[in-house]
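Chemist: Mind having a look at this structure? Questions to follow.
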Amino acid sequence: MKKKDPKYFCAALIATFFILPLAVSLLVLGVTPVSAADKPIIIKFAHGDPPDPIKGSAHGDAVTFKHLVEAASGGRIKVEVYPACQLGSEREMLEGVKMGTIEITNVSEGAVPGFFQEILLLGTPYLFESAPLAWKVLDGPFGKDLMEEMRKKTGIRCLTITENGFRNFTNRIRPIKKPEDLKGMKIRTMENPAHMEMVRALGADPTPIAWGELYTALQQKVVDGQENPVSLILVSKFYEVQKYLTLDGHLYSIDFTFINDGFFQKLPKDLRRIVVDAARISGITHRGIQQYTSAIGVDELKQKGMEIYVPTPAEIDAFAKATQPRVIEWVKQKVPQKWIDYLFKEIKKARAELYGKD
């Protein structure tokens with residue numbers, strides 16, 4: 001490991017300026033260390049990323065959460081981190097949280113519709129043109145109200161909304177510059193029906209494949225392409241089996257940190273506060289790691305031999321017109337109209353606050 005490696009320098013900065021000071025400050029609040037006779041409360045935190053805090057932003061999130069909570073609780077809580085789908089697929093991990101066999105999980109939005117259909121709305125393509133816009137909407141009233149609705153319906157509480165980043169198309173056949181370029185291709189998607197509908201609208205064949213099987217499927221040409229954020233394309237070495245990358249950012253891919261609400265409500269009030277505060281801070285760490293790895297990832301993918309195309313605003317508009325209306329019409333069959341109206345109202349409001357009125 002080289003000391004000058006920017007990835008580890010970034011990790012050191014996060015630890016120095018965010019994690020350690022917060023842990024110290026929370027301890028100063030007067031949390032009493034657990035006695036030898038008391039058994040700590042165990043929190044199992046499961047996620048699907050590799051056990052590397054830089055290559056796997058969910059792991060960086062989980063490790064940050066673990067250290068903050070254990071320090072602030074004085075040992076009253078012990079957090080066990082289970083990375084790389086050790087406790088099952090994303091759907092199985094979320095099912096575990098619902099049942100109470102797993103206390104906390106971090107999963108992508110692809111696993112959520114089977115428990116809470118309203119989340120399909122966030123699979124509408126080209127909703128957000130930037131991460132700050134997405135953050136403003138998802139951290140604001142809309143995101144809070146949507147997650148409260150999920151808690152009421154499922155018993156699953158959202159501690160924080162994090163991110164996988166903007167998803168982009170890769171393939172082995174040809175550059176993708178316009179919607180017609182995808183016609184006839186087999187494109188791997190998550191098991192999110194809204195994502196699949198978007199791919200169909202582009203004339204391609206959506207093919208759900210489990211994350212752990214995707215590299216082999218690309219290598220064996222079971223599918224022609226896939227869509228993921230730059231950070232995951234790089235970490236998963238898809239550049240070895242994919243030639244072309246189009247930075248169209250068709251979906252802002254969301255991760256959620258969920259906790260069993262019954263477990264949460266039974267925690268003493270001071271421990272609930274520690275869990276909530278730590279999750280929000282570790283969620284910011286999650287976003288920061290993802291943004292960092294995606295930012296440096298474009299140049300790295302070029303160096304690995306991928307041909308990268310950045311669409312013009314007019315070309316992005318063509319993709320949006322080809323997909324968004326069809327997906328929204330499909331979503332209307334699954335999601336109450338009030339949530340659709342609420343989301344687009346909040347996007348318009350957030351866009352004006354960030355960038356000024358049109």
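Ordering of the structure tokens sets the chain letters (A, B, ...), residue numbers begin anew at 1 in every chain, and ligands are numbered from 1 in the order given.
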What's the 7 Å shell around region 154-158 of chain A, counting only C-alpha atoms, without same-chain residues fewer than 2 positions away, as a list in words?
Modeler: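 Once the adjacent positions are removed, what remains is Lys98, Phe115, Met147, Met150, Arg151, Lys152, Thr160, Phe256, Thr257, Phe258, Ile259, Asn260 and Asp261 of chain A.
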Chemist: Please extract the residues of region 274-323 of chain A with a backbone DSSP assignment of alpha helix (DSSP H) and present them as an NGL selection string.
Modeler: :A and (274-303 or 313-323)
Chemist: Could you pull the residues within 6 Å of region 310-325 of chain A, counting only C-alpha atoms, minus those fewer than 6 positions along the same chain, as a count of residues only?
Modeler: 6
Chemist: Record the distance separating CA of Asp248 (chain A) and CA of Glu118 (chain A), expressed in Å with one decimal.
Modeler: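 Straight-line distance from CA of Asp248 (chain A) to CA of Glu118 (chain A) works out to 24.9 Å.
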Chemist: From the list A:Tyr239, A:Phe263, A:Phe344, A:Trp339, which residue is nearest Ile42 (chain A) when using only C-alpha atoms?
Modeler: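 Of the candidates, the smallest distance to Ile42 (chain A) is held by A:Phe263.
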Chemist: Residues within 10 Å of region 274-288 of chain A, please, as a ChimeraX atom specification. Count only C-alpha atoms; anything in the same chain fewer than 3 positions from it doesn't count.
Modeler: /A:10-11,14-15,18-19,22-23,26,53-54,56-73,77,106,131,135,158-165,255-259,264,267,269-271,291-294
Chemist: What would the file look like if the residues just selected were written as a PDB file, in the first residue's frame with C-alpha atoms?
Modeler:
```
ATOM      1  CA  CYS A  10      -9.150  10.347   0.921  1.00  0.00           C
ATOM      2  CA  ALA A  11      -9.978   7.650   3.476  1.00  0.00           C
ATOM      3  CA  ILE A  14     -12.616  11.166   6.140  1.00  0.00           C
ATOM      4  CA  ALA A  15     -11.364   9.463   9.292  1.00  0.00           C
ATOM      5  CA  PHE A  18     -15.324  13.446  10.238  1.00  0.00           C
ATOM      6  CA  ILE A  19     -15.267  10.127  12.057  1.00  0.00           C
ATOM      7  CA  LEU A  22     -17.567  12.955  16.049  1.00  0.00           C
ATOM      8  CA  ALA A  23     -16.754   9.837  18.039  1.00  0.00           C
ATOM      9  CA  LEU A  26     -20.309  11.908  21.342  1.00  0.00           C
ATOM     10  CA  PRO A  53     -14.230   1.065   2.590  1.00  0.00           C
ATOM     11  CA  ILE A  54     -13.135   2.803  -0.630  1.00  0.00           C
ATOM     12  CA  GLY A  56     -17.349  -0.412  -1.546  1.00  0.00           C
ATOM     13  CA  SER A  57     -19.100   2.763  -0.438  1.00  0.00           C
ATOM     14  CA  ALA A  58     -21.707   0.761   1.515  1.00  0.00           C
ATOM     15  CA  HIS A  59     -18.875  -0.856   3.457  1.00  0.00           C
ATOM     16  CA  GLY A  60     -17.361   2.533   4.214  1.00  0.00           C
ATOM     17  CA  ASP A  61     -20.826   3.530   5.430  1.00  0.00           C
ATOM     18  CA  ALA A  62     -21.221   0.444   7.626  1.00  0.00           C
ATOM     19  CA  VAL A  63     -17.735   0.676   9.144  1.00  0.00           C
ATOM     20  CA  THR A  64     -18.220   4.376   9.905  1.00  0.00           C
ATOM     21  CA  PHE A  65     -21.575   3.608  11.532  1.00  0.00           C
ATOM     22  CA  LYS A  66     -20.044   0.788  13.594  1.00  0.00           C
ATOM     23  CA  HIS A  67     -17.262   2.924  15.055  1.00  0.00           C
ATOM     24  CA  LEU A  68     -19.480   5.910  15.764  1.00  0.00           C
ATOM     25  CA  VAL A  69     -22.166   3.866  17.498  1.00  0.00           C
ATOM     26  CA  GLU A  70     -19.826   1.694  19.520  1.00  0.00           C
ATOM     27  CA  ALA A  71     -17.813   4.699  20.701  1.00  0.00           C
ATOM     28  CA  ALA A  72     -20.816   6.900  21.485  1.00  0.00           C
ATOM     29  CA  SER A  73     -22.696   4.124  23.309  1.00  0.00           C
ATOM     30  CA  ILE A  77     -24.143  -1.436  21.419  1.00  0.00           C
ATOM     31  CA  ASN A 106     -28.038  -1.067   3.211  1.00  0.00           C
ATOM     32  CA  ALA A 131     -26.632  14.796  -7.376  1.00  0.00           C
ATOM     33  CA  TRP A 135     -30.137  15.198  -2.433  1.00  0.00           C
ATOM     34  CA  CYS A 158     -35.323   4.337   6.783  1.00  0.00           C
ATOM     35  CA  LEU A 159     -32.388   5.759   8.713  1.00  0.00           C
ATOM     36  CA  THR A 160     -30.870   7.508   5.709  1.00  0.00           C
ATOM     37  CA  ILE A 161     -31.011   7.679   1.928  1.00  0.00           C
ATOM     38  CA  THR A 162     -27.603   7.223   0.305  1.00  0.00           C
ATOM     39  CA  GLU A 163     -26.546   6.523  -3.268  1.00  0.00           C
ATOM     40  CA  ASN A 164     -24.995   4.283  -5.871  1.00  0.00           C
ATOM     41  CA  GLY A 165     -24.730   7.288  -8.181  1.00  0.00           C
ATOM     42  CA  ASP A 255     -29.223   3.131  -1.615  1.00  0.00           C
ATOM     43  CA  PHE A 256     -31.180   3.035   1.626  1.00  0.00           C
ATOM     44  CA  THR A 257     -30.080   2.220   5.146  1.00  0.00           C
ATOM     45  CA  PHE A 258     -33.037   0.437   6.744  1.00  0.00           C
ATOM     46  CA  ILE A 259     -33.623  -0.701  10.328  1.00  0.00           C
ATOM     47  CA  PHE A 264     -35.475   0.679  16.898  1.00  0.00           C
ATOM     48  CA  LEU A 267     -33.964   0.975  22.153  1.00  0.00           C
ATOM     49  CA  LYS A 269     -34.071   7.029  23.895  1.00  0.00           C
ATOM     50  CA  ASP A 270     -30.393   7.947  24.163  1.00  0.00           C
ATOM     51  CA  LEU A 271     -29.382   4.947  22.039  1.00  0.00           C
ATOM     52  CA  GLN A 291     -18.801  10.665  -5.580  1.00  0.00           C
ATOM     53  CA  TYR A 292     -15.026  10.412  -5.194  1.00  0.00           C
ATOM     54  CA  THR A 293     -14.707   7.008  -6.864  1.00  0.00           C
ATOM     55  CA  SER A 294     -17.029   8.031  -9.715  1.00  0.00           C
TER      56      SER A 294
END
```
Chemist: Would you return as a list in words the members of region 44-145 of chain A that DSSP assigns to strand (DSSP E or B) on this structure's backbone?
Modeler: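 Checking each residue of region 44-145 of chain A, the strand (DSSP E or B) ones are Lys44, Phe45, Ala46, His47, Ile77, Lys78, Val79, Glu80, Val81, Tyr82, Ile104, Thr105, Asn106, Val107 and Ser108 of chain A.
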Chemist: Take the residues just selected and output them with C-alpha atoms as a PDB file, in the first residue's frame.
Modeler:
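The file below, part-v6.pdb, is the result:
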```pdb
ATOM      1  CA  LYS A  44     -26.171  -6.886  12.568  1.00  0.00           C
ATOM      2  CA  PHE A  45     -25.478  -4.506   9.650  1.00  0.00           C
ATOM      3  CA  ALA A  46     -25.627  -6.335   6.293  1.00  0.00           C
ATOM      4  CA  HIS A  47     -24.849  -5.021   2.822  1.00  0.00           C
ATOM      5  CA  ILE A  77     -24.143  -1.436  21.419  1.00  0.00           C
ATOM      6  CA  LYS A  78     -21.952  -3.740  19.351  1.00  0.00           C
ATOM      7  CA  VAL A  79     -22.259  -3.544  15.556  1.00  0.00           C
ATOM      8  CA  GLU A  80     -21.399  -6.612  13.486  1.00  0.00           C
ATOM      9  CA  VAL A  81     -20.819  -5.776   9.799  1.00  0.00           C
ATOM     10  CA  TYR A  82     -21.627  -8.434   7.198  1.00  0.00           C
ATOM     11  CA  ILE A 104     -29.913  -3.003   9.699  1.00  0.00           C
ATOM     12  CA  THR A 105     -29.208  -3.340   5.993  1.00  0.00           C
ATOM     13  CA  ASN A 106     -28.038  -1.067   3.211  1.00  0.00           C
ATOM     14  CA  VAL A 107     -29.656  -2.026  -0.108  1.00  0.00           C
ATOM     15  CA  SER A 108     -30.347  -0.437  -3.467  1.00  0.00           C
TER      16      SER A 108
END
```
Chemist: Measuring between only C-alpha atoms, which one of A:Val298, A:Gly140, A:Met190, A:Leu202 shows the shortest distance to Lys178 (chain A)?
Modeler: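 Distance minimum relative to Lys178 (chain A) lands on A:Leu202.
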Chemist: May I have the residues within 9 Å of Ile187 (chain A) as a PyMOL selection string, using only C-alpha atoms and disregarding those fewer than 5 positions away in the same chain?
Modeler: chain A and resi 169-171+182+199+204-208+223-227
Chemist: Limited to C-alpha atoms, could you put the picked residues into a file as a PDB file, in the first residue's frame?
Modeler:
```pdb
ATOM      1  CA  PHE A 169     -25.031   2.261 -20.243  1.00  0.00           C
ATOM      2  CA  THR A 170     -22.100   0.063 -21.257  1.00  0.00           C
ATOM      3  CA  ASN A 171     -22.000  -2.525 -24.021  1.00  0.00           C
ATOM      4  CA  LEU A 182     -29.752   0.424 -28.114  1.00  0.00           C
ATOM      5  CA  VAL A 199     -34.954  -0.386 -21.356  1.00  0.00           C
ATOM      6  CA  ALA A 204     -33.676  -3.154 -26.025  1.00  0.00           C
ATOM      7  CA  ASP A 205     -34.345  -6.384 -24.149  1.00  0.00           C
ATOM      8  CA  PRO A 206     -34.101  -5.991 -20.341  1.00  0.00           C
ATOM      9  CA  THR A 207     -32.568  -9.037 -18.698  1.00  0.00           C
ATOM     10  CA  PRO A 208     -32.472  -9.173 -14.860  1.00  0.00           C
ATOM     11  CA  VAL A 223     -26.135 -10.091 -22.356  1.00  0.00           C
ATOM     12  CA  ASP A 224     -24.615  -7.393 -24.560  1.00  0.00           C
ATOM     13  CA  GLY A 225     -24.478  -4.665 -21.967  1.00  0.00           C
ATOM     14  CA  GLN A 226     -25.525  -3.376 -18.598  1.00  0.00           C
ATOM     15  CA  GLU A 227     -26.075  -0.104 -16.749  1.00  0.00           C
TER      16      GLU A 227
END
```
Chemist: Quick one, how far is CA of Leu146 (chain A) from CA of Pro336 (chain A)?
Modeler: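 These two atoms are separated by 11.9 Å.
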Chemist: Quick one: pull the distance between CA of Phe142 (chain A) and CA of Gln333 (chain A), Å, one decimal.
Modeler: 20.2 Å
Chemist: Which one is closest to Leu301 (chain A): A:Gln220, A:Ser231, A:Thr101, A:Gln117? Count only C-alpha atoms.
Modeler: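 Among the listed residues, A:Ser231 lies closest to Leu301 (chain A).
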